[in-house]
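The file protein.tsv comes next; it holds TSV, C-alpha atoms.
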```
chain	number	residue	atom	x	y	z
A	1	MET	CA	191.96	360.23	201.63
A	2	THR	CA	188.35	360.26	200.59
A	3	ALA	CA	187.97	360.44	196.84
A	4	GLU	CA	187.16	363.90	195.52
A	5	THR	CA	188.28	363.29	191.97
A	6	GLY	CA	188.45	359.87	190.42
A	7	THR	CA	188.49	358.00	187.17
A	8	GLU	CA	185.73	358.64	184.65
A	9	THR	CA	184.19	355.66	182.87
A	10	GLU	CA	183.00	355.58	179.28
A	11	THR	CA	179.51	356.41	180.54
A	12	GLY	CA	180.78	359.55	182.25
A	13	THR	CA	180.43	358.16	185.78
A	14	GLU	CA	183.14	359.23	188.22
A	15	THR	CA	184.64	356.23	189.99
A	16	ALA	CA	186.76	355.60	193.06
A	17	ILE	CA	188.63	352.64	194.50
A	18	TYR	CA	187.35	350.63	197.45
A	19	VAL	CA	190.18	349.02	199.45
A	20	TYR	CA	189.46	345.84	201.42
A	21	GLY	CA	192.83	344.91	202.85
A	22	ILE	CA	196.56	344.38	202.39
A	23	LEU	CA	198.12	341.09	201.28
A	24	PRO	CA	201.41	339.72	199.95
A	25	ALA	CA	202.00	340.79	196.35
A	26	ASP	CA	202.12	337.22	195.01
A	27	VAL	CA	198.50	336.48	195.92
A	28	GLU	CA	196.23	335.14	193.17
A	29	ILE	CA	192.66	336.47	193.03
A	30	ASP	CA	189.70	334.41	191.84
A	31	GLY	CA	188.59	335.96	188.57
A	32	ASP	CA	184.95	335.56	189.61
A	33	ALA	CA	185.37	337.48	192.89
A	34	ARG	CA	183.10	340.51	193.22
A	35	GLY	CA	183.16	343.33	195.75
A	36	VAL	CA	180.81	345.93	197.21
A	37	GLY	CA	178.30	348.03	195.29
A	38	ASP	CA	175.31	347.37	193.07
A	39	PRO	CA	176.20	345.93	190.69
A	40	PRO	CA	179.45	344.77	192.27
A	41	SER	CA	182.68	345.16	190.30
A	42	ALA	CA	185.45	342.62	189.82
A	43	VAL	CA	188.04	342.43	192.58
A	44	THR	CA	191.67	343.00	191.64
A	45	THR	CA	194.96	343.88	193.31
A	46	VAL	CA	197.18	346.96	193.22
A	47	HIS	CA	200.87	346.20	193.85
A	48	SER	CA	203.79	347.99	195.41
A	49	GLY	CA	206.92	345.93	195.95
A	50	PRO	CA	206.21	342.94	198.22
A	51	ILE	CA	202.68	344.01	199.16
A	52	ALA	CA	199.36	344.53	197.42
A	53	ALA	CA	195.95	346.02	198.14
A	54	LEU	CA	192.77	344.08	197.48
A	55	VAL	CA	190.47	346.52	195.67
A	56	SER	CA	187.47	347.03	193.42
A	57	GLU	CA	186.14	350.00	191.46
A	58	ILE	CA	182.94	351.71	192.58
A	59	PRO	CA	181.02	354.79	191.41
A	60	GLN	CA	181.89	357.76	193.60
A	61	ASP	CA	178.30	358.26	194.69
A	62	THR	CA	177.82	354.63	195.74
A	63	PRO	CA	176.21	354.49	199.22
A	64	LEU	CA	177.96	351.86	201.36
A	65	GLY	CA	176.66	349.99	204.37
A	66	ARG	CA	174.06	347.66	202.89
A	67	PRO	CA	174.06	344.15	204.40
A	68	GLU	CA	175.20	342.88	200.99
A	69	ASP	CA	178.22	345.19	201.10
A	70	LEU	CA	179.21	344.08	204.60
A	71	SER	CA	178.86	340.45	203.53
A	72	ALA	CA	180.98	341.00	200.42
A	73	TYR	CA	183.66	342.78	202.46
A	74	ALA	CA	183.90	339.95	205.00
A	75	ARG	CA	183.60	337.20	202.39
A	76	LEU	CA	186.55	338.52	200.38
A	77	LEU	CA	188.82	339.02	203.38
A	78	ASP	CA	187.93	335.70	205.01
A	79	ALA	CA	188.49	333.81	201.75
A	80	ALA	CA	191.91	335.43	201.41
A	81	ALA	CA	192.77	334.60	205.03
A	82	THR	CA	192.42	330.87	204.32
A	83	GLU	CA	195.34	331.13	201.89
A	84	VAL	CA	197.59	334.04	202.88
A	85	PRO	CA	198.02	336.58	205.69
A	86	VAL	CA	195.71	339.55	205.19
A	87	LEU	CA	195.46	342.91	206.98
A	88	PRO	CA	191.81	344.06	206.90
A	89	LEU	CA	191.10	347.75	206.45
A	90	ARG	CA	188.12	349.22	208.23
A	91	PHE	CA	184.90	348.90	206.26
A	92	GLY	CA	184.37	351.93	204.03
A	93	ALA	CA	188.00	352.62	203.00
A	94	VAL	CA	187.81	354.52	199.67
A	95	VAL	CA	190.52	356.40	197.75
A	96	ALA	CA	190.47	358.39	194.52
A	97	ASP	CA	192.25	356.00	192.17
A	98	GLU	CA	194.88	353.27	191.92
A	99	ARG	CA	197.69	355.82	192.01
A	100	ALA	CA	196.43	356.99	195.40
A	101	VAL	CA	196.34	353.38	196.60
A	102	VAL	CA	200.05	353.10	195.82
A	103	ASP	CA	201.21	356.55	196.93
A	104	GLU	CA	199.05	357.21	199.96
A	105	LEU	CA	198.54	353.71	201.34
A	106	LEU	CA	201.03	351.10	200.16
A	107	ASP	CA	204.20	353.15	199.75
A	108	ALA	CA	203.49	355.30	202.80
A	109	ASN	CA	203.12	352.24	205.06
A	110	ARG	CA	205.18	349.60	203.26
A	111	ASP	CA	207.50	348.74	206.16
A	112	ASP	CA	204.68	348.51	208.71
A	113	PHE	CA	202.47	346.47	206.40
A	114	THR	CA	205.29	344.12	205.46
A	115	ALA	CA	206.21	343.53	209.11
A	116	ALA	CA	202.57	342.94	210.06
A	117	LEU	CA	202.08	340.45	207.23
A	118	ASP	CA	205.24	338.60	208.27
A	119	GLU	CA	203.94	338.45	211.85
A	120	LEU	CA	200.58	337.13	210.67
A	121	GLU	CA	202.04	334.45	208.40
A	122	GLY	CA	200.43	331.09	209.13
A	123	LYS	CA	197.85	332.58	211.50
A	124	ALA	CA	194.18	333.50	211.29
A	125	GLU	CA	191.34	334.58	213.52
A	126	TYR	CA	188.70	332.21	214.84
A	127	LEU	CA	185.51	333.05	216.71
A	128	VAL	CA	184.13	331.07	219.61
A	129	ARG	CA	180.38	331.63	219.93
A	130	ALA	CA	178.39	330.01	222.71
A	131	ARG	CA	174.76	330.48	223.75
A	132	TYR	CA	172.92	329.38	226.85
A	133	ASP	CA	169.89	327.14	226.62
A	134	GLU	CA	167.22	329.46	228.01
A	135	GLY	CA	165.45	326.89	230.15
A	136	ALA	CA	168.62	325.28	231.42
A	137	ILE	CA	170.32	328.53	232.45
A	138	LEU	CA	167.16	329.80	234.15
A	139	ARG	CA	166.84	326.60	236.19
A	140	GLU	CA	170.51	326.82	237.10
A	141	ILE	CA	170.22	330.44	238.27
A	142	LEU	CA	167.11	329.83	240.36
A	143	SER	CA	168.60	326.70	241.93
A	144	GLU	CA	171.57	328.77	243.12
A	145	ASN	CA	169.56	331.69	244.56
A	146	ASP	CA	166.77	331.04	247.04
A	147	GLY	CA	165.53	334.65	246.97
A	148	MET	CA	165.15	334.65	243.20
A	149	ALA	CA	163.49	331.23	243.29
A	150	GLN	CA	160.98	332.42	245.89
A	151	LEU	CA	160.22	335.53	243.83
A	152	ALA	CA	159.69	333.40	240.72
A	153	ASP	CA	157.31	331.12	242.68
A	154	ALA	CA	155.45	334.13	244.06
A	155	ILE	CA	154.59	335.56	240.65
A	156	ARG	CA	154.05	332.29	238.80
A	157	GLY	CA	150.51	332.04	237.48
A	158	LYS	CA	149.54	335.55	238.56
A	159	PRO	CA	148.43	338.31	236.15
A	160	LYS	CA	151.31	340.20	234.58
A	161	ASP	CA	149.79	343.58	235.35
A	162	ALA	CA	149.46	342.77	239.02
A	163	THR	CA	153.07	341.57	239.30
A	164	ARG	CA	154.77	343.99	236.94
A	165	ASN	CA	157.26	345.37	239.46
A	166	GLU	CA	158.16	341.93	240.76
A	167	ARG	CA	158.69	340.66	237.21
A	168	MET	CA	160.94	343.61	236.40
A	169	THR	CA	162.97	342.97	239.55
A	170	LEU	CA	163.32	339.29	238.73
A	171	GLY	CA	164.29	340.08	235.13
A	172	GLU	CA	167.02	342.44	236.28
A	173	GLN	CA	168.36	339.88	238.73
A	174	ILE	CA	168.41	337.17	236.06
A	175	THR	CA	170.23	339.49	233.66
A	176	GLN	CA	172.88	340.22	236.30
A	177	ALA	CA	173.24	336.51	237.03
A	178	ILE	CA	173.73	335.72	233.34
A	179	GLU	CA	176.36	338.46	233.07
A	180	ALA	CA	178.25	336.91	235.99
A	181	LYS	CA	178.04	333.45	234.46
A	182	ARG	CA	179.12	334.82	231.08
A	183	ALA	CA	182.29	336.22	232.65
A	184	VAL	CA	183.06	332.89	234.30
A	185	ASP	CA	182.32	330.83	231.18
A	186	THR	CA	184.33	333.17	228.95
A	187	GLN	CA	187.31	332.80	231.26
A	188	ARG	CA	186.89	329.03	231.30
A	189	THR	CA	186.89	329.04	227.50
A	190	ALA	CA	189.98	331.23	227.37
A	191	ASP	CA	191.76	328.88	229.79
A	192	ALA	CA	190.77	325.84	227.73
A	193	LEU	CA	192.19	327.42	224.56
A	194	ALA	CA	195.27	329.02	226.09
A	195	ASP	CA	197.71	326.36	224.85
A	196	SER	CA	196.31	326.43	221.31
A	197	VAL	CA	196.19	330.17	220.53
A	198	VAL	CA	198.55	333.10	220.16
A	199	GLU	CA	196.20	335.79	221.45
A	200	LEU	CA	192.63	336.22	222.69
A	201	ALA	CA	190.20	339.16	222.48
A	202	PRO	CA	186.78	339.05	224.19
A	203	ARG	CA	183.94	340.58	222.16
A	204	GLN	CA	180.81	342.23	223.46
A	205	PRO	CA	177.76	339.93	223.65
A	206	THR	CA	175.24	340.31	220.85
A	207	HIS	CA	172.40	338.47	222.60
A	208	ASP	CA	171.05	338.38	226.16
A	209	GLU	CA	171.68	334.64	226.37
A	210	GLU	CA	175.14	334.67	224.82
A	211	ALA	CA	177.54	332.69	226.98
A	212	VAL	CA	180.82	333.33	225.14
A	213	HIS	CA	181.87	335.64	222.31
A	214	LEU	CA	185.61	335.31	222.01
A	215	ALA	CA	188.00	336.07	219.16
A	216	VAL	CA	191.26	334.13	219.09
A	217	LEU	CA	194.35	334.39	216.91
A	218	ALA	CA	195.83	330.98	216.21
A	219	GLU	CA	198.16	329.19	213.87
A	220	THR	CA	196.09	327.64	211.12
A	221	ASP	CA	197.91	324.32	211.41
A	222	ARG	CA	196.61	324.10	214.99
A	223	GLN	CA	192.96	324.36	214.01
A	224	GLY	CA	192.54	320.73	214.99
A	225	ASP	CA	193.65	321.55	218.54
A	226	LEU	CA	191.10	324.36	218.70
A	227	GLU	CA	188.35	322.08	217.46
A	228	ALA	CA	189.29	319.43	220.03
A	229	ALA	CA	189.22	321.94	222.89
A	230	ILE	CA	185.84	323.27	221.76
A	231	SER	CA	184.50	319.72	221.51
A	232	GLU	CA	185.52	319.09	225.12
A	233	LEU	CA	183.73	322.23	226.26
A	234	ALA	CA	180.65	321.27	224.26
A	235	LYS	CA	180.65	317.85	225.91
A	236	ASP	CA	180.95	319.35	229.41
A	237	TRP	CA	178.21	321.90	228.67
A	238	GLU	CA	175.83	319.58	226.85
A	239	GLY	CA	172.24	320.65	227.45
A	240	ARG	CA	173.41	323.94	229.01
A	241	VAL	CA	175.41	325.75	226.34
A	242	GLU	CA	175.70	325.35	222.57
A	243	VAL	CA	179.26	326.10	221.40
A	244	ARG	CA	180.50	326.87	217.86
A	245	LEU	CA	183.92	327.57	216.38
A	246	LEU	CA	183.95	329.81	213.28
A	247	GLY	CA	186.93	330.34	211.00
A	248	PRO	CA	189.52	330.76	209.74
A	249	LEU	CA	188.75	334.46	209.31
A	250	ALA	CA	190.71	337.62	208.63
A	251	ALA	CA	192.32	338.97	211.80
A	252	TYR	CA	189.80	341.78	212.40
A	253	ASP	CA	190.36	341.85	216.17
A	254	PHE	CA	194.15	341.64	216.12
A	255	VAL	CA	195.33	343.87	213.26
A	256	VAL	CA	195.32	347.66	213.30
A	257	THR	CA	196.02	349.23	209.89
A	258	ARG	CA	196.16	352.82	208.77
A	259	THR	CA	193.07	353.46	206.67
A	260	PRO	CA	192.62	356.25	204.12
A	261	GLU	CA	191.15	359.33	205.79
```

Please, can you express the file's structure as structure tokens?
Amino acid sequence: MTAETGTETETGTETAIYVYGILPADVEIDGDARGVGDPPSAVTTVHSGPIAALVSEIPQDTPLGRPEDLSAYARLLDAAATEVPVLPLRFGAVVADERAVVDELLDANRDDFTAALDELEGKAEYLVRARYDEGAILREILSENDGMAQLADAIRGKPKDATRNERMTLGEQITQAIEAKRAVDTQRTADALADSVVELAPRQPTHDEEAVHLAVLAETDRQGDLEAAISELAKDWEGRVEVRLLGPLAAYDFVVTRTPE
């Protein structure tokens, strides 16, 4: 429930509560942790039985969505995920006050949240990001397609204005070829990680030359297995694809929680 009435500070400013996620009630929060807003407030927890909400106080009229706010949101949840299971709420979850956090969020969903936290115990999300080397992938594509190679030769060294249509055609063909290779390389990555993960979720590419963007849910004590599998892929793809493993992170792609409306 979006805050319409909230707590009033000593300065007369109406405040609301920003909710980041749900955790076990026995979690300990770093006293220096700060949340969204400018200036950011201290992060605390609101408890209800075995579960708690990770929250901070914000002025009601605080505009959200700055890069700093998104970074603070992810930083808090990812830091928590290295220690305990955490259920992320969608960015922008705001309620009127701490009483509303308890009544409308924690108590109303206690059984579901508790079960989800139990299921997530010992697990976290990891991201596999891979990017093609531009020159290497272009050479590979042209070597596999005589028509595209001939078109590339035909326009090489000629004025761009005079070969605009041909360049557009070649660009579209290269884009389609990269999309096909991305699908193959994503599946190869998924197969390589299959024995080390609980679940996989492909993400949309964020760059034209992105080879793999894959979220995986894995047991944190098997991170070494993930790293070994990624190292093998990196070795096989040396000079063609740069591969990175990011995490542990909060399970953004694998947890669906009810957020305040």

request  = Compare A:Ile178, A:Ile51, A:Ala250, A:Ala72 by their minimum atom-to-atom distance to Ala136 (chain A), counting all atoms listed in the file, and give me the closest one.
outcome  = A:Ile178

remark   = What separates CA of Tyr73 (chain A) and CA of Val243 (chain A) is a distance of 25.6 Å

task = Kindly give the distance, in Å, that separates CA of Arg129 (chain A) and CA of His213 (chain A), rounded to a single decimal.
result =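 Interatomic distance here is 4.9 Å.
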
request  = List every protein, DNA or RNA residue with an atom no more than 10 Å from (195.1, 339.1, 203.9) in the file's coordinates, counting only C-alpha atoms, and format the result as a VMD selection string.
outcome  = chain A and resid 20 to 24 27 52 to 54 76 to 89 117 120 to 121 124 249 to 251

request  = Give me, please, the distance in Å between CA of Gly92 (chain A) and CA of Gly65 (chain A), quoted to one decimal.
outcome  =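 Result for CA of Gly92 (chain A) versus CA of Gly65 (chain A): 8.0 Å, one decimal.
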
inquiry  = Give me, as a VMD selection string, all polymer residues having an atom no more than 10 Å from region 189-191 of chain A, counting all atoms listed in the file and skipping those fewer than 6 positions away in the same chain.
reply    = chain A and resid 128 130 183 197 199 to 202 212 to 216 229 to 230 233

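Proximity to Val198 (chain A) was assessed for A:Tyr126, A:Gly171, A:Val43, A:Lys158 counting all atoms listed in the file; the smallest distance is recorded for A:Tyr126.
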
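Neighbouring residues of Gln223 (chain A) at 10 Å or closer, counting all atoms listed in the file and skipping chain neighbours under 2 positions away, are Lys123, Ala124, Tyr126, Ser196, Val197, Ala218, Glu219, Thr220, Asp221, Asp225, Leu226, Glu227, Ala228, Ala229, Leu245, Gly247 and Pro248 of chain A.
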
ask   = Which residues, written as a ChimeraX atom specification, have at least one atom at most 12 Å from Gly147 (chain A), with all atoms listed in the file counted and residues fewer than 6 positions away on the same chain left out?
value = /A:141,153-154,169-170,173-174

key: All residues 12 Å or closer to Glu144 (chain A), all atoms listed in the file, same chain fewer than 6 positions away omitted, as a ChimeraX atom specification   = /A:137-138,150,174,177,181

Nearest to Tyr132 (chain A) by atom-to-atom distance, counting all atoms listed in the file, from A:Arg203, A:Arg188, A:Arg182, A:Arg222 = A:Arg182

Which polymer residues have any atom within 9 Å of an atom of Arg167 (chain A), counting all atoms listed in the file, with same-chain residues fewer than 4 positions away left out, as a short mmCIF file (atom, residue, chain, number, x, y, z; two decimals) with C-alpha atoms, in the frame of the given file?
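Output saved as selection.cif:
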```
data_model
loop_
_atom_site.label_atom_id
_atom_site.label_comp_id
_atom_site.auth_asym_id
_atom_site.auth_seq_id
_atom_site.Cartn_x
_atom_site.Cartn_y
_atom_site.Cartn_z
CA LEU A 151 160.22 335.53 243.83
CA ALA A 152 159.69 333.40 240.72
CA ILE A 155 154.59 335.56 240.65
CA LYS A 160 151.31 340.20 234.58
CA THR A 163 153.07 341.57 239.30
CA GLY A 171 164.29 340.08 235.13
CA GLU A 172 167.02 342.44 236.28
#
```

key: Option closest in space to Tyr252 (chain A), from A:Asp208, A:Asp146, A:Glu125, A:Asp133 [counting all atoms listed in the file]   =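 Using all atoms listed in the file, Tyr252 (chain A) sits closest to A:Glu125.
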